[in-house]
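Asker: So that you have it, the file is upload24.cif, and it contains mmCIF, C-alpha atoms:
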```cif
data_start
loop_
_atom_site.label_atom_id
_atom_site.label_comp_id
_atom_site.auth_asym_id
_atom_site.auth_seq_id
_atom_site.Cartn_x
_atom_site.Cartn_y
_atom_site.Cartn_z
CA MET A 2 0.00 0.00 0.00
CA THR A 3 1.48 3.33 -1.05
CA ARG A 4 1.35 6.18 1.39
CA PRO A 5 0.31 9.57 0.00
CA PHE A 6 2.73 12.36 0.74
CA ALA A 7 1.07 14.35 3.51
CA PRO A 8 3.68 15.17 6.14
CA ARG A 9 1.41 17.36 8.25
CA LEU A 10 3.11 16.67 11.59
CA ALA A 11 6.56 17.35 10.14
CA VAL A 12 5.31 20.59 8.59
CA TYR A 13 3.78 21.76 11.86
CA VAL A 14 6.90 20.94 13.85
CA GLY A 15 9.07 22.54 11.18
CA LEU A 16 7.00 25.72 11.44
CA VAL A 17 7.44 25.67 15.21
CA PHE A 18 11.22 25.30 14.82
CA LEU A 19 11.24 28.10 12.25
CA LEU A 20 9.26 30.36 14.58
CA LEU A 21 11.72 29.64 17.37
CA GLY A 22 14.59 30.46 15.02
CA VAL A 23 13.00 33.77 14.04
CA MET A 24 12.45 34.59 17.70
CA GLU A 25 16.08 33.72 18.41
CA LEU A 26 17.20 35.93 15.54
CA ALA A 27 15.04 38.83 16.73
CA ALA A 28 16.40 38.45 20.25
CA SER A 29 19.95 38.45 18.88
CA LEU A 30 19.33 41.63 16.91
CA LEU A 31 17.82 43.32 19.94
CA PHE A 32 20.84 42.22 21.94
CA TYR A 33 23.28 43.64 19.43
CA GLN A 34 21.33 46.86 19.23
CA ALA A 35 21.96 47.22 22.94
CA ILE A 36 25.61 46.21 22.62
CA ASP A 37 28.04 48.46 24.52
CA ARG A 38 30.28 51.01 22.90
CA GLN A 39 33.43 49.12 23.74
CA THR A 40 32.54 46.10 21.60
CA LEU A 41 31.78 48.30 18.59
CA ASP A 42 35.04 50.22 19.08
CA GLU A 43 36.96 46.95 19.25
CA ASP A 44 35.39 45.78 16.01
CA HIS A 45 36.30 48.98 14.18
CA ALA A 46 39.76 48.93 15.71
CA ARG A 47 40.37 45.38 14.57
CA ARG A 48 39.29 46.10 11.00
CA ILE A 49 41.41 49.26 10.83
CA ALA A 50 44.44 47.46 12.27
CA GLU A 51 44.12 44.73 9.65
CA LEU A 52 43.77 47.38 6.93
CA LEU A 53 46.90 49.21 8.00
CA VAL A 54 49.10 46.12 8.24
CA VAL A 55 47.95 44.69 4.91
CA SER A 56 48.25 48.11 3.26
CA ASP A 57 51.92 48.31 4.30
CA ARG A 58 52.64 45.00 2.66
CA ILE A 59 50.75 45.79 -0.54
CA HIS A 60 52.33 49.25 -0.75
CA ALA A 61 55.77 47.71 -0.49
CA ILE A 62 54.99 45.45 -3.47
CA ASP A 63 53.14 47.94 -5.73
CA PRO A 64 51.97 51.30 -4.41
CA ARG A 65 49.41 51.58 -7.19
CA LEU A 66 47.48 48.60 -5.80
CA THR A 67 47.18 49.87 -2.25
CA ALA A 68 44.06 52.04 -2.54
CA PRO A 69 41.94 49.88 -4.88
CA THR A 70 42.83 46.68 -3.05
CA MET A 71 42.11 47.91 0.46
CA SER A 72 38.88 49.77 -0.29
CA THR A 73 35.79 47.82 0.79
CA ARG A 74 32.14 48.51 1.41
CA HIS A 75 32.91 49.51 4.98
CA LEU A 76 36.38 51.03 4.50
CA ALA A 77 37.64 53.52 1.92
CA ALA A 78 41.41 53.85 1.45
CA ALA A 79 43.56 56.26 -0.56
CA VAL A 80 47.29 57.08 -0.78
CA ALA A 81 48.25 60.78 -0.79
CA ARG A 82 51.17 63.04 -0.04
CA THR A 83 49.30 64.80 2.76
CA PRO A 84 47.20 63.38 5.60
CA THR A 85 43.45 63.82 5.73
CA VAL A 86 43.65 64.36 9.47
CA PRO A 87 46.16 67.19 10.06
CA ASN A 88 46.57 66.85 13.83
CA HIS A 89 46.70 64.08 16.40
CA ALA A 90 43.37 64.08 18.29
CA THR A 91 43.12 63.86 22.05
CA ASP A 92 39.42 62.88 22.23
CA GLY A 93 38.68 60.07 24.73
CA THR A 94 36.84 57.89 22.21
CA LEU A 95 39.57 58.29 19.61
CA GLY A 96 42.26 57.57 22.17
CA ARG A 97 40.47 54.37 23.17
CA ILE A 98 40.21 53.27 19.52
CA GLU A 99 43.89 54.03 18.94
CA ARG A 100 44.89 51.91 21.93
CA ARG A 101 42.74 49.06 20.60
CA ILE A 102 44.41 49.31 17.20
CA LEU A 103 47.86 49.06 18.76
CA GLU A 104 46.69 46.13 20.89
CA TRP A 105 45.59 44.29 17.76
CA GLU A 106 48.76 45.19 15.80
CA PRO A 107 51.68 46.18 18.04
CA SER A 108 53.85 46.63 14.92
CA LEU A 109 52.04 49.93 14.30
CA ALA A 110 53.45 51.46 17.47
CA GLY A 111 55.71 54.45 16.79
CA ARG A 112 53.96 55.22 13.49
CA SER A 113 52.26 58.57 13.06
CA LEU A 114 48.59 57.55 13.39
CA ARG A 115 45.96 60.27 13.36
CA LEU A 116 42.26 59.71 13.95
CA ALA A 117 39.16 61.94 13.78
CA LEU A 118 35.37 61.67 13.78
CA ARG A 119 33.42 63.27 10.95
CA GLY A 120 29.69 63.77 10.99
CA PRO A 121 26.85 65.19 13.14
CA PRO A 122 27.09 64.32 16.85
CA GLN A 123 23.81 62.32 16.97
CA GLY A 124 23.74 61.04 13.39
CA ARG A 125 25.88 58.99 11.04
CA CYS A 126 29.48 59.33 12.08
CA ASP A 127 32.56 58.11 10.13
CA LEU A 128 35.97 57.38 11.59
CA VAL A 129 38.66 58.91 9.39
CA GLY A 130 42.38 58.52 9.87
CA SER A 131 45.83 58.86 8.37
CA ILE A 132 49.05 56.91 8.89
CA ARG A 133 52.45 57.53 7.40
CA LEU A 134 53.78 54.85 5.06
CA PRO A 135 57.45 53.85 4.98
CA ASP A 136 58.09 55.82 1.76
CA GLY A 137 56.77 59.04 3.28
CA HIS A 138 53.29 58.97 1.74
CA TRP A 139 50.13 58.91 3.83
CA LEU A 140 47.47 56.23 3.81
CA ASN A 141 44.17 57.99 4.38
CA PHE A 142 41.18 55.78 5.34
CA ARG A 143 37.57 56.19 6.32
CA SER A 144 35.53 53.66 8.34
CA ARG A 145 31.93 54.40 7.53
CA ASP A 146 29.23 54.79 10.16
CA ILE A 147 31.20 53.92 13.25
CA ASN A 148 28.00 54.14 15.29
CA ALA A 149 26.32 51.33 13.35
CA MET A 150 25.96 47.95 14.90
CA TRP A 151 25.63 46.10 11.56
CA PRO A 152 29.28 45.11 10.99
CA VAL A 153 29.07 43.13 14.22
CA ALA A 154 25.42 42.18 14.02
CA LEU A 155 25.76 40.92 10.44
CA ARG A 156 28.14 38.18 11.51
CA ALA A 157 25.90 37.37 14.46
CA THR A 158 22.87 37.23 12.13
CA VAL A 159 24.59 34.84 9.73
CA LEU A 160 25.74 32.69 12.64
CA THR A 161 22.24 32.67 14.14
CA LEU A 162 20.62 31.76 10.81
CA GLY A 163 23.14 29.01 10.19
CA THR A 164 22.63 27.57 13.65
CA THR A 165 18.85 27.76 13.26
CA VAL A 166 18.91 25.95 9.91
CA ALA A 167 21.25 23.28 11.27
CA PHE A 168 19.08 22.66 14.33
CA LEU A 169 15.95 22.68 12.15
CA ALA A 170 17.43 20.02 9.88
CA MET A 171 18.55 17.88 12.83
CA GLY A 172 15.15 18.29 14.49
CA LEU A 173 13.28 17.22 11.37
CA VAL A 174 15.54 14.19 10.91
CA ALA A 175 15.04 13.21 14.54
CA LEU A 176 11.29 13.77 14.18
CA HIS A 177 11.21 11.58 11.07
CA VAL A 178 12.98 8.75 12.92
CA LEU A 179 10.92 9.07 16.09
CA THR A 180 7.56 9.19 14.30
CA ARG A 181 8.27 6.29 11.95
CA PRO A 182 6.38 3.80 14.17
CA LEU A 183 3.47 6.24 14.33
CA ARG A 184 3.39 6.45 10.53
CA ARG A 185 3.39 2.66 10.29
CA MET A 186 0.46 2.48 12.69
CA SER A 187 -1.32 5.27 10.81
CA ASP A 188 -0.95 3.32 7.55
CA ALA A 189 -2.10 0.16 9.31
CA ALA A 190 -5.13 1.92 10.80
CA GLU A 191 -6.08 3.18 7.33
CA ALA A 192 -5.71 -0.32 5.89
CA ILE A 193 -7.79 -1.79 8.73
CA GLY A 194 -10.47 0.80 8.06
CA GLN A 195 -10.56 -0.39 4.44
CA GLY A 196 -11.14 -3.98 5.53
CA ARG A 197 -7.60 -5.33 5.39
CA GLN A 198 -5.76 -7.30 8.01
CA VAL A 199 -2.15 -6.20 8.40
CA THR A 200 0.61 -7.06 10.85
CA ILE A 201 2.15 -4.03 12.55
CA ARG A 202 5.83 -4.36 13.44
CA GLU A 203 6.13 -3.87 17.18
CA GLY A 204 9.10 -1.50 17.41
CA GLY A 205 10.07 1.87 18.82
CA SER A 206 9.69 3.06 22.39
CA PRO A 207 7.97 0.85 25.01
CA ASP A 208 4.75 2.84 24.69
CA LEU A 209 4.73 2.49 20.91
CA LYS A 210 5.50 -1.23 21.16
CA LYS A 211 2.58 -1.68 23.52
CA LEU A 212 0.32 0.32 21.21
CA ALA A 213 1.37 -1.73 18.17
CA HIS A 214 0.79 -4.98 20.07
CA SER A 215 -2.66 -3.79 21.19
CA MET A 216 -3.57 -2.87 17.60
CA ASN A 217 -2.46 -6.30 16.35
CA VAL A 218 -4.53 -8.06 19.01
CA MET A 219 -7.50 -5.76 18.36
CA GLN A 220 -7.61 -6.37 14.63
CA GLU A 221 -7.22 -10.13 15.11
CA ARG A 222 -10.29 -10.10 17.35
CA ILE A 223 -12.23 -7.88 14.94
CA ALA A 224 -11.22 -10.10 12.02
CA ARG A 225 -12.39 -13.25 13.78
CA LEU A 226 -15.64 -11.55 14.79
CA LEU A 227 -16.41 -10.30 11.27
CA GLN A 228 -15.38 -13.53 9.61
CA ASP A 229 -17.47 -15.61 12.01
CA GLN A 230 -20.39 -13.27 11.47
CA ALA A 231 -20.08 -13.33 7.69
CA ARG A 232 -19.69 -17.09 7.54
CA SER A 233 -22.63 -17.56 9.87
CA PHE A 234 -24.83 -15.47 7.61
CA GLU A 235 -23.49 -17.35 4.60
CA ALA A 236 -24.35 -20.65 6.23
CA ILE A 237 -27.82 -19.40 7.08
CA SER A 238 -28.30 -18.20 3.50
CA HIS A 239 -27.17 -21.55 2.21
CA ASP A 240 -29.47 -23.46 4.55
CA LEU A 241 -32.43 -21.32 3.49
CA ARG A 242 -32.10 -22.67 -0.02
CA THR A 243 -33.36 -26.11 1.09
CA PRO A 244 -36.82 -24.95 2.24
CA LEU A 245 -36.96 -22.65 -0.79
CA ALA A 246 -36.34 -25.65 -3.03
CA ARG A 247 -39.17 -27.53 -1.29
CA GLN A 248 -41.45 -24.53 -1.80
CA LYS A 249 -40.58 -24.51 -5.48
CA VAL A 250 -41.51 -28.15 -5.79
CA ALA A 251 -44.72 -27.55 -3.86
CA ALA A 252 -45.58 -24.57 -6.07
CA GLU A 253 -45.34 -26.73 -9.18
CA LEU A 254 -47.94 -29.07 -7.65
CA ILE A 255 -50.46 -26.29 -7.02
CA GLU A 256 -53.38 -26.70 -9.37
CA ASP A 257 -54.12 -22.97 -9.43
CA VAL A 258 -51.71 -21.77 -12.11
CA GLU A 259 -51.87 -18.11 -11.05
CA LEU A 260 -51.23 -18.92 -7.38
CA GLY A 261 -48.40 -21.29 -8.32
CA SER A 262 -46.82 -18.59 -10.47
CA ILE A 263 -46.89 -16.11 -7.57
CA VAL A 264 -45.20 -18.61 -5.24
CA LEU A 265 -42.55 -19.49 -7.84
CA THR A 266 -41.85 -15.79 -8.45
CA SER A 267 -41.45 -15.18 -4.72
CA VAL A 268 -39.09 -18.15 -4.40
CA ASP A 269 -36.97 -16.93 -7.34
CA GLU A 270 -36.80 -13.49 -5.78
CA MET A 271 -35.72 -14.94 -2.43
CA GLU A 272 -32.99 -16.97 -4.16
CA ALA A 273 -31.76 -13.83 -5.94
CA LEU A 274 -31.68 -11.94 -2.66
CA LEU A 275 -29.75 -14.75 -0.97
CA SER A 276 -27.23 -14.84 -3.83
CA SER A 277 -26.71 -11.10 -3.51
CA LEU A 278 -26.30 -11.39 0.27
CA GLN A 279 -23.82 -14.26 -0.02
CA ARG A 280 -21.75 -12.30 -2.52
CA PHE A 281 -21.71 -9.25 -0.22
CA LEU A 282 -20.73 -11.32 2.83
CA ARG A 283 -18.02 -13.14 0.90
CA ALA A 284 -16.51 -9.79 -0.09
CA GLN A 285 -15.77 -9.17 3.60
CA HIS A 286 -13.17 -11.95 3.83
CA LEU A 287 -12.19 -12.64 0.22
CA ALA A 288 -8.44 -13.28 -0.16
CA ALA A 289 -6.57 -12.86 -3.44
CA GLU A 290 -3.10 -12.66 -4.93
CA PRO A 291 -2.07 -10.22 -7.70
CA GLU A 292 -1.51 -11.49 -11.23
CA GLU A 293 -1.08 -10.16 -14.75
CA LEU A 294 -4.49 -9.71 -16.39
CA ASP A 295 -5.78 -8.59 -19.76
CA LEU A 296 -8.65 -6.31 -18.75
CA GLU A 297 -10.41 -6.59 -22.10
CA LEU A 298 -10.47 -10.39 -21.91
CA LEU A 299 -11.65 -10.26 -18.29
CA VAL A 300 -14.49 -7.85 -19.11
CA ARG A 301 -15.63 -9.93 -22.10
CA GLN A 302 -15.83 -13.01 -19.88
CA VAL A 303 -17.99 -11.10 -17.37
CA LEU A 304 -20.28 -9.72 -20.11
CA SER A 305 -20.70 -12.97 -22.07
CA PRO A 306 -23.81 -14.19 -20.15
CA TYR A 307 -25.72 -10.98 -20.93
CA GLY A 308 -25.57 -11.18 -24.74
CA ASP A 309 -26.69 -8.04 -26.56
CA ARG A 310 -27.56 -6.23 -23.34
CA ALA A 311 -23.87 -5.61 -22.60
CA ARG A 312 -21.16 -4.37 -24.95
CA ILE A 313 -17.57 -3.21 -24.56
CA THR A 314 -15.36 -0.56 -26.17
CA THR A 315 -11.58 -0.30 -25.76
CA SER A 316 -9.02 2.22 -26.97
CA GLU A 317 -5.74 0.36 -26.36
CA PRO A 318 -4.46 -2.91 -24.89
CA ALA A 319 -4.88 -2.93 -21.12
CA VAL A 320 -2.63 -5.38 -19.30
CA VAL A 321 -2.27 -4.77 -15.59
CA ARG A 322 -1.10 -6.58 -12.48
CA THR A 323 -4.19 -6.75 -10.29
CA PHE A 324 -6.51 -9.07 -8.34
CA ARG A 325 -8.62 -11.23 -10.62
CA GLU A 326 -11.50 -12.35 -8.39
CA PRO A 327 -12.17 -9.03 -6.58
CA VAL A 328 -12.24 -7.13 -9.89
CA THR A 329 -14.47 -9.81 -11.45
CA VAL A 330 -16.96 -9.81 -8.56
CA ALA A 331 -17.09 -5.99 -8.42
CA LEU A 332 -17.57 -5.75 -12.19
CA GLN A 333 -20.34 -8.39 -12.15
CA ALA A 334 -22.21 -6.48 -9.44
CA LEU A 335 -22.01 -3.18 -11.37
CA VAL A 336 -22.99 -4.75 -14.70
CA GLU A 337 -25.98 -6.47 -13.10
CA ASN A 338 -27.00 -3.17 -11.53
CA ALA A 339 -26.73 -1.36 -14.88
CA ILE A 340 -28.79 -4.01 -16.72
CA GLN A 341 -31.38 -4.22 -13.95
CA PHE A 342 -32.05 -0.48 -13.77
CA GLY A 343 -30.96 0.65 -17.24
CA SER A 344 -31.74 -2.33 -19.48
CA GLU A 345 -28.18 -2.31 -20.86
CA ALA A 346 -24.56 -1.97 -19.82
CA ARG A 347 -22.07 -0.01 -21.96
CA VAL A 348 -18.60 -0.89 -20.69
CA ALA A 349 -15.46 1.04 -21.64
CA ILE A 350 -11.84 0.55 -20.56
CA ARG A 351 -9.97 3.84 -20.26
CA ARG A 352 -6.65 5.13 -19.01
CA VAL A 353 -7.34 7.90 -16.50
CA SER A 354 -4.24 9.62 -15.19
CA ARG A 355 -1.94 6.74 -14.22
CA HIS A 356 -4.68 4.20 -13.53
CA TRP A 357 -6.88 1.92 -15.62
CA CYS A 358 -10.60 2.45 -15.15
CA ILE A 359 -13.58 0.40 -16.24
CA GLU A 360 -16.66 2.56 -16.87
CA ILE A 361 -20.12 1.00 -16.78
CA ALA A 362 -22.84 3.23 -18.23
CA ASP A 363 -26.55 2.54 -18.46
CA SER A 364 -29.66 4.23 -19.84
CA GLY A 365 -31.75 4.07 -16.69
CA PRO A 366 -33.10 6.87 -14.51
CA GLY A 367 -29.69 7.34 -12.88
CA ILE A 368 -28.91 8.38 -9.32
CA PRO A 369 -29.10 11.99 -8.12
CA PRO A 370 -25.60 13.23 -7.16
CA ARG A 371 -26.72 13.79 -3.55
CA TYR A 372 -27.10 10.02 -3.21
CA PHE A 373 -23.67 9.08 -4.61
CA ASP A 374 -22.32 8.50 -1.09
CA ALA A 375 -25.48 6.96 0.32
CA VAL A 376 -25.66 4.18 -2.29
CA LEU A 377 -22.34 2.84 -0.99
CA ASP A 378 -24.06 1.76 2.23
CA PRO A 379 -25.49 -1.77 2.37
CA PHE A 380 -29.26 -2.19 1.91
CA PHE A 381 -29.75 1.42 0.77
CA ARG A 382 -32.53 1.89 -1.78
CA LEU A 383 -33.62 5.09 -3.44
CA ASP A 384 -37.25 4.09 -2.95
CA GLU A 385 -37.50 4.80 0.76
CA ALA A 386 -40.64 2.66 1.09
CA ARG A 387 -38.48 -0.31 -0.10
CA ALA A 388 -41.14 -1.30 -2.59
CA ARG A 389 -40.81 -4.83 -3.85
CA ASP A 390 -41.65 -3.94 -7.42
CA THR A 391 -37.92 -3.71 -8.11
CA LYS A 392 -35.48 -6.55 -7.74
CA GLY A 393 -32.34 -6.48 -5.65
CA PHE A 394 -31.42 -5.95 -2.09
CA GLY A 395 -29.28 -2.82 -2.33
CA LEU A 396 -26.05 -4.83 -2.13
CA GLY A 397 -24.56 -4.74 -5.64
CA ILE A 398 -22.86 -1.34 -5.42
CA PRO A 399 -21.81 -1.80 -1.75
CA THR A 400 -20.22 -5.13 -2.67
CA ALA A 401 -18.12 -3.48 -5.40
CA HIS A 402 -17.26 -0.60 -3.06
CA ARG A 403 -16.09 -2.89 -0.22
CA LEU A 404 -13.92 -4.92 -2.57
CA MET A 405 -12.27 -1.85 -4.06
CA MET A 406 -11.60 -0.40 -0.61
CA ARG A 407 -9.95 -3.61 0.56
CA PHE A 408 -7.80 -4.00 -2.55
CA ASP A 409 -6.73 -0.33 -3.02
CA GLY A 410 -9.05 0.33 -5.92
CA GLY A 411 -11.81 2.90 -6.20
CA LEU A 412 -15.44 3.39 -7.14
CA SER A 413 -17.00 6.66 -8.21
CA PHE A 414 -20.11 7.82 -10.05
CA ALA A 415 -21.09 10.44 -12.61
CA ALA A 416 -24.21 11.37 -14.49
CA SER A 417 -24.19 10.23 -18.11
CA PRO A 418 -24.70 12.98 -20.75
CA ASP A 419 -27.15 10.61 -22.48
CA GLY A 420 -29.04 9.96 -19.27
CA GLY A 421 -28.46 7.21 -16.79
CA LEU A 422 -25.51 6.52 -14.50
CA ILE A 423 -21.80 6.01 -15.10
CA ALA A 424 -20.03 3.86 -12.51
CA ARG A 425 -16.25 4.22 -12.73
CA LEU A 426 -14.28 1.28 -11.32
CA GLU A 427 -10.64 2.17 -10.66
CA VAL A 428 -8.69 -1.05 -11.13
CA PRO A 429 -6.24 -1.71 -8.25
CA GLU A 430 -2.71 -1.94 -9.61
CA THR A 431 0.13 -3.61 -7.74
CA GLU A 432 3.88 -4.03 -8.10
CA GLY A 433 4.99 -7.04 -6.13
CA THR A 434 2.25 -6.49 -3.58
CA ALA A 435 1.74 -9.19 -0.96
CA PRO A 436 -1.50 -11.16 -1.02
CA VAL A 437 -4.48 -9.45 0.58
CA GLN A 438 -5.82 -11.55 3.42
CA GLY A 439 -9.24 -11.70 5.01
CA ALA A 440 -10.96 -8.68 6.39
CA ALA A 441 -10.11 -7.01 9.65
#
```
Translate this structure into structure tokens?

Answerer:
Amino acid sequence: MTRPFAPRLAVYVGLVFLLLGVMELAASLLFYQAIDRQTLDEDHARRIAELLVVSDRIHAIDPRLTAPTMSTRHLAAAVARTPTVPNHATDGTLGRIERRILEWEPSLAGRSLRLALRGPPQGRCDLVGSIRLPDGHWLNFRSRDINAMWPVALRATVLTLGTTVAFLAMGLVALHVLTRPLRRMSDAAEAIGQGRQVTIREGGSPDLKKLAHSMNVMQERIARLLQDQARSFEAISHDLRTPLARQKVAAELIEDVELGSIVLTSVDEMEALLSSLQRFLRAQHLAAEPEELDLELLVRQVLSPYGDRARITTSEPAVVRTFREPVTVALQALVENAIQFGSEARVAIRRVSRHWCIEIADSGPGIPPRYFDAVLDPFFRLDEARARDTKGFGLGIPTAHRLMMRFDGGLSFAASPDGGLIARLEVPETEGTAPVQGAA
């Protein structure tokens, strides 16, 4: 049985993890907005120290490469004969930054390093500076927006996002492993609901093992109950045929021809009802193995007893690996229903999407769309008074429906453009599927 892709639990948990990651990111940004002045100064000092040391080395190799190589989005560098900052500043903030620069790169000690702040006091403020190069030129630089927290926060943001994604991936993998037994039991519960009996592997945590064991025991009890019930009704139906046979013999001995005909008709109707009931009950515990079948040949065999009242149309060869007896029984029930209520059965084999479908159309009164679900229930009849002027017991369509549910097929209905009903039987297709056992 294939499991449709519907990872709702994983999606919900993933969204929770993502929300937690966003909250963590927002908290980190709020933290870095409140970061102290010293950390920002250290960051700018480190970047400037790296710039100055690397600039010395590049300038010694090729002075023309110094400015274009060292200019970045956050730092602008230029080589000139005169410094941008004419005097050595004594401001407390600048002195603290200068000490940080020398702590990062002690080799800059003794060099003429001049720093200044440019910009409005409460607005965007750049750190500009000049340092003398060994050949007597000056390297002038500008660190943009020294008040901004983004040079530091950007790295923290990337780190936070990376950590969040990593933990999200690990959480989803762990969730997939931990919920595997639950998915197996969910698939098993769906199969049990469709009338199958499956064996659930009892693995996972102790609680899940106990749950799997309980489900196995439960479906074994339900299977025995349903099978005993179905076989009991089958036996009763079979035993009823003996008194019906005696009534038929007695009816033939009745001298009143009209009265004898009524009795014989009633007996025939009872036998038809019992046959329908036996077929419905047998569908509850029918077992089958998949095999390669030619659908056209199978349909022709089912239609052969009905002569001109049933005909088939095909568009292409239809060979499929499926279950012979369930498909045959379901098709017989739908063809009989079409002939009974529509006088004829027009059968077509079509390829719909990736599945083969057998369509049975008739020319009868049809079924209103509001009853498409109701007719799947056993003993349902459109004539609510259950008048006996129509044959059947309301079990043909439910029999086909139960079989298709148990064997992963499908049954749907549509109104025919020419009037009447179209019953669409979706043929169950298998690829190495294990035999389907009795009902659960």

Asker: Which of these, A:Ser413, A:Gln341, A:Thr329, A:Leu396, has the shortest distance to Ala311 of chain A once you count all atoms listed in the file?

Answerer: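 Answer, going by the shortest atom-to-atom distance: A:Gln341.
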
Asker: Could you check the closest approach to Leu16 of chain A for each of A:Leu53, A:His402, A:Gly172, A:Ala349 and tell me which residue wins, using all atoms listed in the file?

Answerer: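 Residue with the minimum atom-to-atom distance to Leu16 of chain A: A:Gly172.
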
Asker: Between A:Ile62, A:Ala401, A:Leu294, A:Ala46, which has the minimum distance to Arg97 of chain A (counting only C-alpha atoms)?

Answerer: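 With only C-alpha atoms as the atom set, the closest residue is A:Ala46.
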
Asker: Report as a list in words all protein, DNA and RNA residues lying within 9 Å of Arg101 of chain A, evaluated on all atoms listed in the file, omitting residues in the same chain fewer than 2 positions from it.

Answerer: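 Neighbouring residues, sequence-local ones excluded: Asp42, Glu43, Ala46, Arg47, Ala50, Gly96, Arg97, Ile98, Glu99, Leu103, Glu104, Trp105 and Glu106 of chain A.
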
Asker: My list of candidates is A:Arg322, A:Arg280, A:Arg65, A:Arg347. Which is closest to Asp295 of chain A when distances are computed with all atoms listed in the file?

Answerer: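 Once distances to Asp295 of chain A are computed over all atoms listed in the file, the minimum belongs to A:Arg322.
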
Asker: Taking only C-alpha atoms into account, which of A:Ile132, A:Ala167, A:Met186, A:Ala288 comes nearest Ala110 of chain A?

Answerer: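 Between A:Ile132, A:Ala167, A:Met186, A:Ala288, the residue approaching Ala110 of chain A most closely is A:Ile132.
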
Asker: Can you pull out the residues contacting Arg143 of chain A? Cut-off 10 Å, using all atoms listed in the file, and skip same-chain residues under 5 positions away; I want them as a compact mmCIF listing (two decimals) with C-alpha atoms, keeping the file's coordinate frame.

Answerer:
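Result written to result_27.txt:
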```
# COMPACT_ATOMS: atom_id res chain seq x y z
CA ILE A 49 41.41 49.26 10.83
CA SER A 72 38.88 49.77 -0.29
CA HIS A 75 32.91 49.51 4.98
CA LEU A 76 36.38 51.03 4.50
CA ALA A 77 37.64 53.52 1.92
CA ALA A 78 41.41 53.85 1.45
CA ALA A 79 43.56 56.26 -0.56
CA THR A 85 43.45 63.82 5.73
CA LEU A 116 42.26 59.71 13.95
CA ALA A 117 39.16 61.94 13.78
CA LEU A 118 35.37 61.67 13.78
CA ARG A 119 33.42 63.27 10.95
CA ASP A 127 32.56 58.11 10.13
CA LEU A 128 35.97 57.38 11.59
CA VAL A 129 38.66 58.91 9.39
CA GLY A 130 42.38 58.52 9.87
CA SER A 131 45.83 58.86 8.37
```

Asker: Just give me the gap between atom CA of Leu241 of chain A and atom CA of Ile263 of chain A in Å, one decimal is fine.

Answerer: 18.9 Å

Asker: Please measure the separation of atom CA of Phe18 of chain A and atom CA of Val166 of chain A, giving the value in Å to one decimal.

Answerer: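 Interatomic distance, atom CA of Phe18 of chain A to atom CA of Val166 of chain A: 9.1 Å.
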
Asker: Where does the PyMOL selection byres ((chain A and resi 297-301) around 10) land in this file, that is, which residues does it pick, as an MDAnalysis selection string?

Answerer: chainID A and resid 294:296 302:306 311:315 317:320 325 328:329 332:333 348:350 359

Asker: For the atom pair atom CA of Leu287 of chain A and atom CA of Met271 of chain A, what is the interatomic distance in Å to one decimal place?

Answerer: 23.8 Å
